[in-house]
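This report concerns only the one structure given below.
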Amino acid sequence: MLAVPVLKRLRNRVIKRGANGPLDPLLPAPLVDALPLCRKHGDDFAAFVSGRRAPGVDEVRPEFLKALDVVGLSWLTRLCSIAWTSGAVPLDWQTGVVVPLFKKGDRRVCSNYRGITLLSLPGKVYSGVLERRVRRIVEPRIQEEQCGFRPGRGTVDQLYTLCRILEGAWEFAQPVHMCFVDLEKAFDRVPRGVLWGVLREYGVSDPLIRAVRSLYDRCQSLVRIAGYKSDLFPVRVGLRQGCPLSPILFIIFMDRISRHSQGVEGVRFGDLRIGSLLFADDVVLMASSDRDLQLSLDRFAAECEAVGMRISTSKSESNRKREECTLRVGDEILPQVEEFKYLGVLFTSEGRMEREIDRRIGAASAVMRTLHGSVVVKRELSRKAKLSIYQSIYVPALTYGHELWVMTERTRSRVQAAEMSFLRRVAGLSLRDRVRSSVIREELGVDPLLLRVERSQMRWLGHLVRMPPGRLPGEVFRARPTGRRRRGRPRTRWRDYVSRLAWERLGIPQEELAEVAGEREVWLPCLGCCPRDPTPDKRKKMDGWMDSIGAPGVDEVRPEFLKALDVVGLSWLTRLCSIAWTSGAVPLDWQTGVVVPLFKKGDRRVCSNYRGITLLSLPGKVYSGVLERRVRRIVEPRIQEEQCGFRPGRGTVDQLYTLCRILEGAWEFAQPVHMCFVDLEKAFDRVPRGVLWGVLREYGVSDPLIRAVRSLYDRCQSLVRIAGYKSDLFPVRVGLRQGCPLSPILFIIFMDRISRHSQGVEGVRFGDLRIGSLLFADDVVLMASSDRDLQLSLDRFAAECEAVGMRISTSKSESMVLNRKREDCTLRVGDEILPQVEEFKYLGVLFTSEGRMEREIDRRIGAASAVMRTLHGSVVVKRELSRKAKLSIYQSIYVPALTYGHELWVMTERTRSRVQAAEMSFLRRVAGLSLRDRVRSSVIREELGVDPLLLRVERSQMRWLGHLVRMPPGRLPGEVFRARPTGRRPRGRPRTRWRDYVSRLAWERLGIPQEELAEVAGEREVWASLLRLLPPRPDPG
């Protein structure tokens, strides 16, 4: 309960500073006084407050934030929202507590201390929200030369880039002049007035700048030593240490200096010209001559001077290769050195890494000497503790920057000797015992350090190969420096070294290396990135992937065979796929399908009562999966938003919500919507392959990739297997292969092309949008505002289908009209008239001509009752089955049947009670009770350990709301959610819109008002935490 007074004090301070609106409706005083700290939710908020451990001046500790329940979290969200809208934050959020930490030397000298600043934890939560918003805006605008504090980038990126430049320059005898620039206390000198202008330059909006400035308006600090606190003093310059916002603000500021100081100087590397590298304030300027470097340095110094920064001439140095390089900053000459440490790695004027490897071995020896008596040979410490220290301290000291190493036999033996020096002592042995290194490692359960180094080097190679265009390390990796090579034996380049490593260790030749390393899912297993004995979680994930590729095909290669492959087997499989790619031909077994007929219902002697599934070769499906990922990367951006089938991040709910929202808006404003639900006859099996290859070319797929896809269809054939007997082989010349990972993406490309070519000006107007069709694979809905427009749209769609050999099924296609007045809609396909219906099932959800969802909810309850009747005797009341098994069936069969599509429901008291009755109908029987026992529903759920189904529905509805709010521009469900349909509402009480229903739900259940809902739901971590802690409604009975 210690958090309550602090939270109340913060709350009062915000309100006193004139924040918009009181908090009393959200959090009444009695509720504040009784604010609970729930232990069971302690871990839910842990990830959000991790790394923010020490409290600030307000003494709010991490455990207080971790223990907040849904009321406390909604209060904290409200507090941040008030700070955003008012542009003012509590003074405690602007106050830092400086704690000096002793480094070394005389304790009476202030310079021997380093100060750390502790900030308010609620303030850091708010700063984190602002940081994510600022980063989303500025990240695309920051130059590639800057790698500090950026996601997906690190020191290795800059170190590799610099190492590769020096390597290429040495190979072709090109001089590289460098200046390693150090700025004096750069973080603490950033002028805030200039910074706000820089943010505006980078596209940050004024409200967001105002929110950032609010953390600095009255920024102040105090010093705390041994429990005593100094007086407060203002801090008017620099960024706040320890604030989540400061890193992104700092790299924007440094990027602006770098951008304004750029010129034509730099180092030529292939087609690239590189003039600087930055990692936060660690700057390297480069040029091909000392004159150019001086010009570059002058401009950089002038830009720094203009914004109040200063270059430290005592710490900045120039590096050159056997040439004088006299650089000046003002009147001072920078020292010239033969070697320099950049980001912790030693670079020499000769561009060799041997000195750095020797230095790392020396650093590891120093660590060994420090730890020897207190850790390594201390008998009171367990082996496990010693090995933990070995992994966390000794190995990083020895191997930092090892991704860049070019290992020789000498360096290998020296690294191995340094490794075994520690491990022998941990095992209680010495060299005199003459125990082999492999035996010691096996006894200790430690992988060889050289294996770790080689894996990491090849993992970095794969990362470079897969790096998207524009990323500097990837561009430098792919670039080819030109010039005349110096005489004599050339040095081994890093690329050649790693290529030879891949050949020696994996058997992958250099010409195929880029192809194999470019597939992450193939490359990582080849490296054996999992431990020798994979952890249960990793093994489960691997097994799940293998299980998902199904039963064996004609070659009888089973999933367990693939699971059991070691690195040699995986490299063989990789080699096989690579041969198939380069030759444009695959084994015949990969093109052969085994059709197994499965009985549905009816007379077993009638073939149409069977459904055939096709089993394909599993190694062939692995190859198809590789091709699928390559095809998808190319075509995914080109597919229309109207198509949601077989696409990542999309599902049936996207299309169902879009259609539901259109019908809801049309009914509200009395706008008619004419719809045609189109069914294609055996669409998957009728795709003409000749046309498909042309469609792939239209969508930008390259000829080599099309050739690889075609190789799976060149001699496509099948056989039928029944009761162990096999038919003769027969050719399959049309349609896509069932069960092939490639088929879904090929099919939606084909359908998207039909849809795109049949588009016209018809459609339904919804706000600023015009929507003419919705597709989920081959489930098509055409829409228009009149039957005439819909007929035109249907004619074009039918013509496009006919042109490519597809056919509309007139017996299964139907039309429906949403209108307040009954209206006929006569649609024709050729000479046949499509039936008009009052309700239609689309993607498993029932839509009616009145646009209501009540019929669908009733249908779902009926479907759940049918499931109950089916399972009643065999599962629900069967005593031989355990409760756990019954509840598993409840969760996996009964609940999905009852709640499918519940994200779209608008719940009334009647529907709530009916859904709850359907839920308890199953659970009471599982508990062995009936209504006569008069046991409350909450007691039954608590006994069975089951959450209320209505709680699950409400969480899911609000989760979908958050997904819509965060959906990027262009995504159709998000655009429909944000659109505002126009028109004149008819008289009478309007229906409750889904948006209003969910907004009211958020207010009733979370205390978040509608005007702040978008802001809160837009922060994924906050929203997810609120929903996880959502309590169940009080049980009426």
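For the structure tokens, the naming scheme is as follows: chains receive sequential letters (A, B, ...) according to their order of presentation, residues are indexed from 1 within each chain, and ligands are indexed from 1 in presentation order.
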
Sorted per-residue table, range 146-168 of chain A near range 443-464 of chain A, closest atoms and distance, 10 Å, only C-alpha atoms, as JSON lines:
{"residue": "A:Val156", "atom": "CA", "partner": "A:Trp460", "partner_atom": "CA", "distance": 9.1}
{"residue": "A:Asp157", "atom": "CA", "partner": "A:Leu464", "partner_atom": "CA", "distance": 9.4}
{"residue": "A:Tyr160", "atom": "CA", "partner": "A:Trp460", "partner_atom": "CA", "distance": 9.9}

Suppose we keep N, CA and C atoms; can you now write the selection as a PDB file, in the first residue's frame?
ATOM      1  N   VAL A 156      28.917  -3.741 -34.309  1.00  0.00           N
ATOM      2  CA  VAL A 156      29.509  -4.611 -35.338  1.00  0.00           C
ATOM      3  C   VAL A 156      29.272  -4.022 -36.732  1.00  0.00           C
ATOM      4  N   ASP A 157      28.125  -3.379 -36.953  1.00  0.00           N
ATOM      5  CA  ASP A 157      27.859  -2.745 -38.253  1.00  0.00           C
ATOM      6  C   ASP A 157      28.956  -1.736 -38.602  1.00  0.00           C
ATOM      7  N   TYR A 160      32.523  -3.430 -38.894  1.00  0.00           N
ATOM      8  CA  TYR A 160      32.695  -4.163 -40.142  1.00  0.00           C
ATOM      9  C   TYR A 160      32.890  -3.193 -41.314  1.00  0.00           C
TER      10      TYR A 160
END

Write out, as JSON lines, each residue of range 557-594 of chain A that has an atom at most 10 Å from range 491-514 of chain A, together with the closest pair of atoms and their distance in Å to one decimal, counting only C-alpha atoms, rows going by chain and rising number.
{"residue": "A:Val567", "atom": "CA", "partner": "A:Leu506", "partner_atom": "CA", "distance": 7.4}
{"residue": "A:Val568", "atom": "CA", "partner": "A:Leu506", "partner_atom": "CA", "distance": 6.9}
{"residue": "A:Gly569", "atom": "CA", "partner": "A:Leu506", "partner_atom": "CA", "distance": 9.8}
{"residue": "A:Leu570", "atom": "CA", "partner": "A:Leu506", "partner_atom": "CA", "distance": 9.0}
{"residue": "A:Ser571", "atom": "CA", "partner": "A:Leu506", "partner_atom": "CA", "distance": 6.0}
{"residue": "A:Trp572", "atom": "CA", "partner": "A:Gly507", "partner_atom": "CA", "distance": 8.1}
{"residue": "A:Thr574", "atom": "CA", "partner": "A:Ile508", "partner_atom": "CA", "distance": 8.5}
{"residue": "A:Arg575", "atom": "CA", "partner": "A:Ile508", "partner_atom": "CA", "distance": 7.0}
{"residue": "A:Ser578", "atom": "CA", "partner": "A:Glu512", "partner_atom": "CA", "distance": 7.0}
{"residue": "A:Ile579", "atom": "CA", "partner": "A:Glu512", "partner_atom": "CA", "distance": 9.0}
{"residue": "A:Trp581", "atom": "CA", "partner": "A:Glu512", "partner_atom": "CA", "distance": 10.0}
{"residue": "A:Thr582", "atom": "CA", "partner": "A:Glu512", "partner_atom": "CA", "distance": 8.9}

Could you write those residues out with N, CA and C atoms, as a PDB file, in the first residue's frame?
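Written out: result00.pdb:
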ATOM      1  N   VAL A 567      24.237 -31.440 -38.963  1.00  0.00           N
ATOM      2  CA  VAL A 567      24.712 -30.350 -39.826  1.00  0.00           C
ATOM      3  C   VAL A 567      25.126 -30.866 -41.203  1.00  0.00           C
ATOM      4  N   VAL A 568      25.645 -32.090 -41.265  1.00  0.00           N
ATOM      5  CA  VAL A 568      26.042 -32.651 -42.567  1.00  0.00           C
ATOM      6  C   VAL A 568      24.804 -32.930 -43.416  1.00  0.00           C
ATOM      7  N   GLY A 569      23.776 -33.524 -42.778  1.00  0.00           N
ATOM      8  CA  GLY A 569      22.539 -33.787 -43.512  1.00  0.00           C
ATOM      9  C   GLY A 569      21.855 -32.528 -43.977  1.00  0.00           C
ATOM     10  N   LEU A 570      21.852 -31.504 -43.118  1.00  0.00           N
ATOM     11  CA  LEU A 570      21.238 -30.227 -43.504  1.00  0.00           C
ATOM     12  C   LEU A 570      22.005 -29.569 -44.646  1.00  0.00           C
ATOM     13  N   SER A 571      23.338 -29.642 -44.599  1.00  0.00           N
ATOM     14  CA  SER A 571      24.122 -29.049 -45.692  1.00  0.00           C
ATOM     15  C   SER A 571      23.882 -29.828 -46.990  1.00  0.00           C
ATOM     16  N   TRP A 572      23.672 -31.154 -46.873  1.00  0.00           N
ATOM     17  CA  TRP A 572      23.360 -31.951 -48.067  1.00  0.00           C
ATOM     18  C   TRP A 572      22.023 -31.531 -48.655  1.00  0.00           C
ATOM     19  N   THR A 574      20.573 -28.658 -48.257  1.00  0.00           N
ATOM     20  CA  THR A 574      20.775 -27.311 -48.805  1.00  0.00           C
ATOM     21  C   THR A 574      21.421 -27.390 -50.178  1.00  0.00           C
ATOM     22  N   ARG A 575      22.402 -28.273 -50.300  1.00  0.00           N
ATOM     23  CA  ARG A 575      23.102 -28.454 -51.579  1.00  0.00           C
ATOM     24  C   ARG A 575      22.125 -28.966 -52.651  1.00  0.00           C
ATOM     25  N   SER A 578      20.026 -26.158 -53.771  1.00  0.00           N
ATOM     26  CA  SER A 578      20.829 -25.238 -54.568  1.00  0.00           C
ATOM     27  C   SER A 578      21.029 -25.772 -55.990  1.00  0.00           C
ATOM     28  N   ILE A 579      21.231 -27.078 -56.116  1.00  0.00           N
ATOM     29  CA  ILE A 579      21.368 -27.689 -57.448  1.00  0.00           C
ATOM     30  C   ILE A 579      20.064 -27.543 -58.230  1.00  0.00           C
ATOM     31  N   TRP A 581      17.912 -25.214 -57.919  1.00  0.00           N
ATOM     32  CA  TRP A 581      17.779 -23.800 -58.323  1.00  0.00           C
ATOM     33  C   TRP A 581      18.649 -23.496 -59.544  1.00  0.00           C
ATOM     34  N   THR A 582      19.915 -23.901 -59.489  1.00  0.00           N
ATOM     35  CA  THR A 582      20.834 -23.534 -60.567  1.00  0.00           C
ATOM     36  C   THR A 582      20.530 -24.294 -61.858  1.00  0.00           C
TER      37      THR A 582
END

Could you check which of A:Arg135, A:Arg379, A:His177, A:Arg520 is closest to Arg150 in chain A, using only C-alpha atoms?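 Closest to Arg150 in chain A, using only C-alpha atoms: A:Arg135.
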
Surrounding residues of range 793-799 of chain A excluding itself and chain neighbours under 6 positions, 9 Å, only C-alpha atoms, as a PyMOL selection string: chain A and resi 676+678+754-755+757-763+772+782-784+806-808+827-830

Generate a file of the selected residues that holds N, CA and C atoms, formatted as a compact mmCIF listing (two decimals), in the first residue's frame.
# COMPACT_ATOMS: atom_id res chain seq x y z
N CYS A 676 -23.04 -9.14 -54.52
CA CYS A 676 -23.06 -10.44 -55.20
C CYS A 676 -21.95 -11.30 -54.61
N VAL A 678 -19.83 -14.29 -55.07
CA VAL A 678 -19.44 -15.07 -56.25
C VAL A 678 -18.73 -16.34 -55.82
N ILE A 754 -7.10 -11.12 -61.75
CA ILE A 754 -8.48 -11.09 -62.28
C ILE A 754 -9.23 -9.89 -61.69
N SER A 755 -9.11 -9.71 -60.37
CA SER A 755 -9.80 -8.60 -59.72
C SER A 755 -9.33 -7.25 -60.24
N HIS A 757 -7.97 -6.50 -63.15
CA HIS A 757 -8.35 -6.25 -64.54
C HIS A 757 -9.86 -6.04 -64.69
N SER A 758 -10.64 -6.42 -63.68
CA SER A 758 -12.09 -6.27 -63.80
C SER A 758 -12.62 -5.05 -63.04
N GLN A 759 -11.71 -4.25 -62.50
CA GLN A 759 -12.14 -3.08 -61.73
C GLN A 759 -12.75 -2.01 -62.63
N GLY A 760 -13.71 -1.28 -62.07
CA GLY A 760 -14.32 -0.17 -62.78
C GLY A 760 -14.59 0.97 -61.82
N VAL A 761 -15.44 1.89 -62.22
CA VAL A 761 -15.74 3.04 -61.36
C VAL A 761 -16.87 2.71 -60.38
N GLU A 762 -17.52 1.55 -60.54
CA GLU A 762 -18.61 1.21 -59.65
C GLU A 762 -18.05 0.88 -58.25
N GLY A 763 -18.96 0.78 -57.31
CA GLY A 763 -18.58 0.45 -55.95
C GLY A 763 -19.48 1.15 -54.96
N GLY A 772 -15.27 -1.63 -54.21
CA GLY A 772 -16.04 -2.37 -55.19
C GLY A 772 -16.03 -3.87 -54.99
N LEU A 782 -18.73 -8.83 -54.62
CA LEU A 782 -18.80 -7.61 -55.44
C LEU A 782 -19.88 -6.71 -54.86
N MET A 783 -19.62 -5.41 -54.83
CA MET A 783 -20.56 -4.45 -54.22
C MET A 783 -20.75 -3.25 -55.12
N ALA A 784 -21.97 -2.70 -55.09
CA ALA A 784 -22.28 -1.47 -55.82
C ALA A 784 -23.49 -0.82 -55.16
N MET A 806 -11.50 -19.78 -66.04
CA MET A 806 -12.25 -19.98 -64.79
C MET A 806 -13.75 -19.85 -65.09
N ARG A 807 -14.58 -20.38 -64.18
CA ARG A 807 -16.01 -20.35 -64.44
C ARG A 807 -16.76 -20.05 -63.14
N ILE A 808 -17.75 -19.15 -63.24
CA ILE A 808 -18.58 -18.82 -62.08
C ILE A 808 -19.66 -19.87 -61.92
N LEU A 827 -29.60 -10.35 -61.19
CA LEU A 827 -28.27 -10.43 -61.79
C LEU A 827 -28.19 -11.65 -62.70
N ARG A 828 -27.46 -11.46 -63.81
CA ARG A 828 -27.30 -12.55 -64.78
C ARG A 828 -25.82 -12.84 -65.01
N VAL A 829 -25.54 -14.12 -65.16
CA VAL A 829 -24.23 -14.57 -65.65
C VAL A 829 -24.53 -15.38 -66.91
N GLY A 830 -24.26 -14.77 -68.07
CA GLY A 830 -24.68 -15.38 -69.32
C GLY A 830 -26.20 -15.35 -69.40

Within 7 Å of Ser288 in chain A, counting only C-alpha atoms, which residues show up once you throw out same-chain ones fewer than 5 positions away? Write them as a ChimeraX atom specification, please. /A:175-177,266-267

Using only C-alpha atoms, which residues sit within 8 Å of Leu293 in chain A once same-chain residues fewer than 2 positions away are excluded, as a PDB file with N, CA and C atoms, in the first residue's frame?
ATOM      1  N   HIS A 177      42.894   8.491 -45.184  1.00  0.00           N
ATOM      2  CA  HIS A 177      43.221   9.381 -44.065  1.00  0.00           C
ATOM      3  C   HIS A 177      41.984   9.460 -43.167  1.00  0.00           C
ATOM      4  N   MET A 178      42.204   9.239 -41.864  1.00  0.00           N
ATOM      5  CA  MET A 178      41.082   9.200 -40.934  1.00  0.00           C
ATOM      6  C   MET A 178      41.318  10.133 -39.760  1.00  0.00           C
ATOM      7  N   CYS A 179      40.212  10.668 -39.268  1.00  0.00           N
ATOM      8  CA  CYS A 179      40.248  11.469 -38.052  1.00  0.00           C
ATOM      9  C   CYS A 179      39.195  10.935 -37.094  1.00  0.00           C
ATOM     10  N   GLU A 265      34.070  15.296 -50.320  1.00  0.00           N
ATOM     11  CA  GLU A 265      35.202  14.471 -49.910  1.00  0.00           C
ATOM     12  C   GLU A 265      34.702  13.107 -49.440  1.00  0.00           C
ATOM     13  N   GLY A 266      35.660  12.234 -49.231  1.00  0.00           N
ATOM     14  CA  GLY A 266      35.328  10.900 -48.747  1.00  0.00           C
ATOM     15  C   GLY A 266      36.237   9.874 -49.377  1.00  0.00           C
ATOM     16  N   LEU A 285      35.904  10.572 -39.429  1.00  0.00           N
ATOM     17  CA  LEU A 285      35.883  11.266 -40.715  1.00  0.00           C
ATOM     18  C   LEU A 285      36.949  10.626 -41.599  1.00  0.00           C
ATOM     19  N   MET A 286      36.635  10.446 -42.887  1.00  0.00           N
ATOM     20  CA  MET A 286      37.546   9.768 -43.813  1.00  0.00           C
ATOM     21  C   MET A 286      37.672  10.548 -45.106  1.00  0.00           C
ATOM     22  N   ALA A 287      38.867  10.483 -45.695  1.00  0.00           N
ATOM     23  CA  ALA A 287      39.097  11.102 -47.004  1.00  0.00           C
ATOM     24  C   ALA A 287      40.295  10.418 -47.638  1.00  0.00           C
ATOM     25  N   SER A 288      40.473  10.670 -48.926  1.00  0.00           N
ATOM     26  CA  SER A 288      41.581  10.034 -49.650  1.00  0.00           C
ATOM     27  C   SER A 288      42.863  10.882 -49.610  1.00  0.00           C
ATOM     28  N   SER A 289      42.798  12.071 -49.027  1.00  0.00           N
ATOM     29  CA  SER A 289      43.995  12.911 -48.892  1.00  0.00           C
ATOM     30  C   SER A 289      43.861  13.748 -47.634  1.00  0.00           C
ATOM     31  N   ASP A 290      45.023  14.233 -47.107  1.00  0.00           N
ATOM     32  CA  ASP A 290      44.956  15.038 -45.890  1.00  0.00           C
ATOM     33  C   ASP A 290      44.268  16.379 -46.133  1.00  0.00           C
ATOM     34  N   ARG A 291      44.388  16.907 -47.358  1.00  0.00           N
ATOM     35  CA  ARG A 291      43.726  18.175 -47.674  1.00  0.00           C
ATOM     36  C   ARG A 291      42.208  18.015 -47.606  1.00  0.00           C
ATOM     37  N   LEU A 295      39.460  19.719 -44.932  1.00  0.00           N
ATOM     38  CA  LEU A 295      38.233  20.425 -45.316  1.00  0.00           C
ATOM     39  C   LEU A 295      37.013  19.831 -44.617  1.00  0.00           C
ATOM     40  N   SER A 296      36.959  18.506 -44.589  1.00  0.00           N
ATOM     41  CA  SER A 296      35.841  17.831 -43.936  1.00  0.00           C
ATOM     42  C   SER A 296      35.824  18.135 -42.438  1.00  0.00           C
ATOM     43  N   LEU A 297      36.985  18.091 -41.801  1.00  0.00           N
ATOM     44  CA  LEU A 297      37.080  18.384 -40.370  1.00  0.00           C
ATOM     45  C   LEU A 297      36.698  19.828 -40.072  1.00  0.00           C
ATOM     46  N   LEU A 327      46.524  17.594 -39.118  1.00  0.00           N
ATOM     47  CA  LEU A 327      45.180  18.154 -39.053  1.00  0.00           C
ATOM     48  C   LEU A 327      45.120  19.191 -37.937  1.00  0.00           C
TER      49      LEU A 327
END

For range 789-835 of chain A versus range 841-858 of chain A, which residues have an atom no more than 9 Å away, and what is each residue's nearest atom pair and distance in Å rounded to one decimal, using only C-alpha atoms, chain-then-number order, as a Markdown table?
| residue | atom | partner | partner_atom | distance |
| --- | --- | --- | --- | --- |
| A:Met816 | CA | A:Ser849 | CA | 6.5 |
| A:Val817 | CA | A:Ser849 | CA | 5.8 |
| A:Leu818 | CA | A:Ser849 | CA | 4.6 |
| A:Asn819 | CA | A:Glu850 | CA | 6.9 |
| A:Arg820 | CA | A:Glu850 | CA | 7.3 |

Would you compute the distance between CA of Arg200 in chain A and CA of Arg966 in chain A? Give it in Å to one decimal. 23.6 Å

Non-local contacts of range 217-221 of chain A (8 Å; only C-alpha atoms; under 6 positions in same chain excluded) as a ChimeraX atom specification: /A:91,94-98,232-236

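Distance annotation: of A:Pro587, A:Ser438, A:Gln1010, A:Glu519, the residue with the minimal separation from Val465 in chain A is A:Glu519; atom set is only C-alpha atoms.
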
Work out how far CA of Ser785 in chain A is from CA of Arg822 in chain A, in Å to one decimal.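 These two atoms are separated by 14.4 Å.
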
Looking at A:Lys315, A:Arg869, A:Arg486, A:Arg412, which one is nearest to Thr399 in chain A, with distances taken over only C-alpha atoms?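 Answer, going by the shortest atom-to-atom distance: A:Arg412.
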
For Ala226 in chain A: contacts at 12 Å, only C-alpha atoms, fewer than 4 positions along chain excluded, given as a list in words: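 Near neighbours after the sequence-gap exclusion: Val98, Val99, Pro100, Leu101 and Ser230 of chain A.
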
Output file for the selection above: C-alpha atoms, as a short mmCIF file (atom, residue, chain, number, x, y, z; two decimals), in the first residue's frame:
data_model
loop_
_atom_site.label_atom_id
_atom_site.label_comp_id
_atom_site.auth_asym_id
_atom_site.auth_seq_id
_atom_site.Cartn_x
_atom_site.Cartn_y
_atom_site.Cartn_z
CA VAL A 98 22.42 12.62 -9.08
CA VAL A 99 24.26 9.79 -7.31
CA PRO A 100 28.07 10.00 -7.64
CA LEU A 101 29.80 6.62 -8.12
CA SER A 230 21.72 18.82 -1.64
#
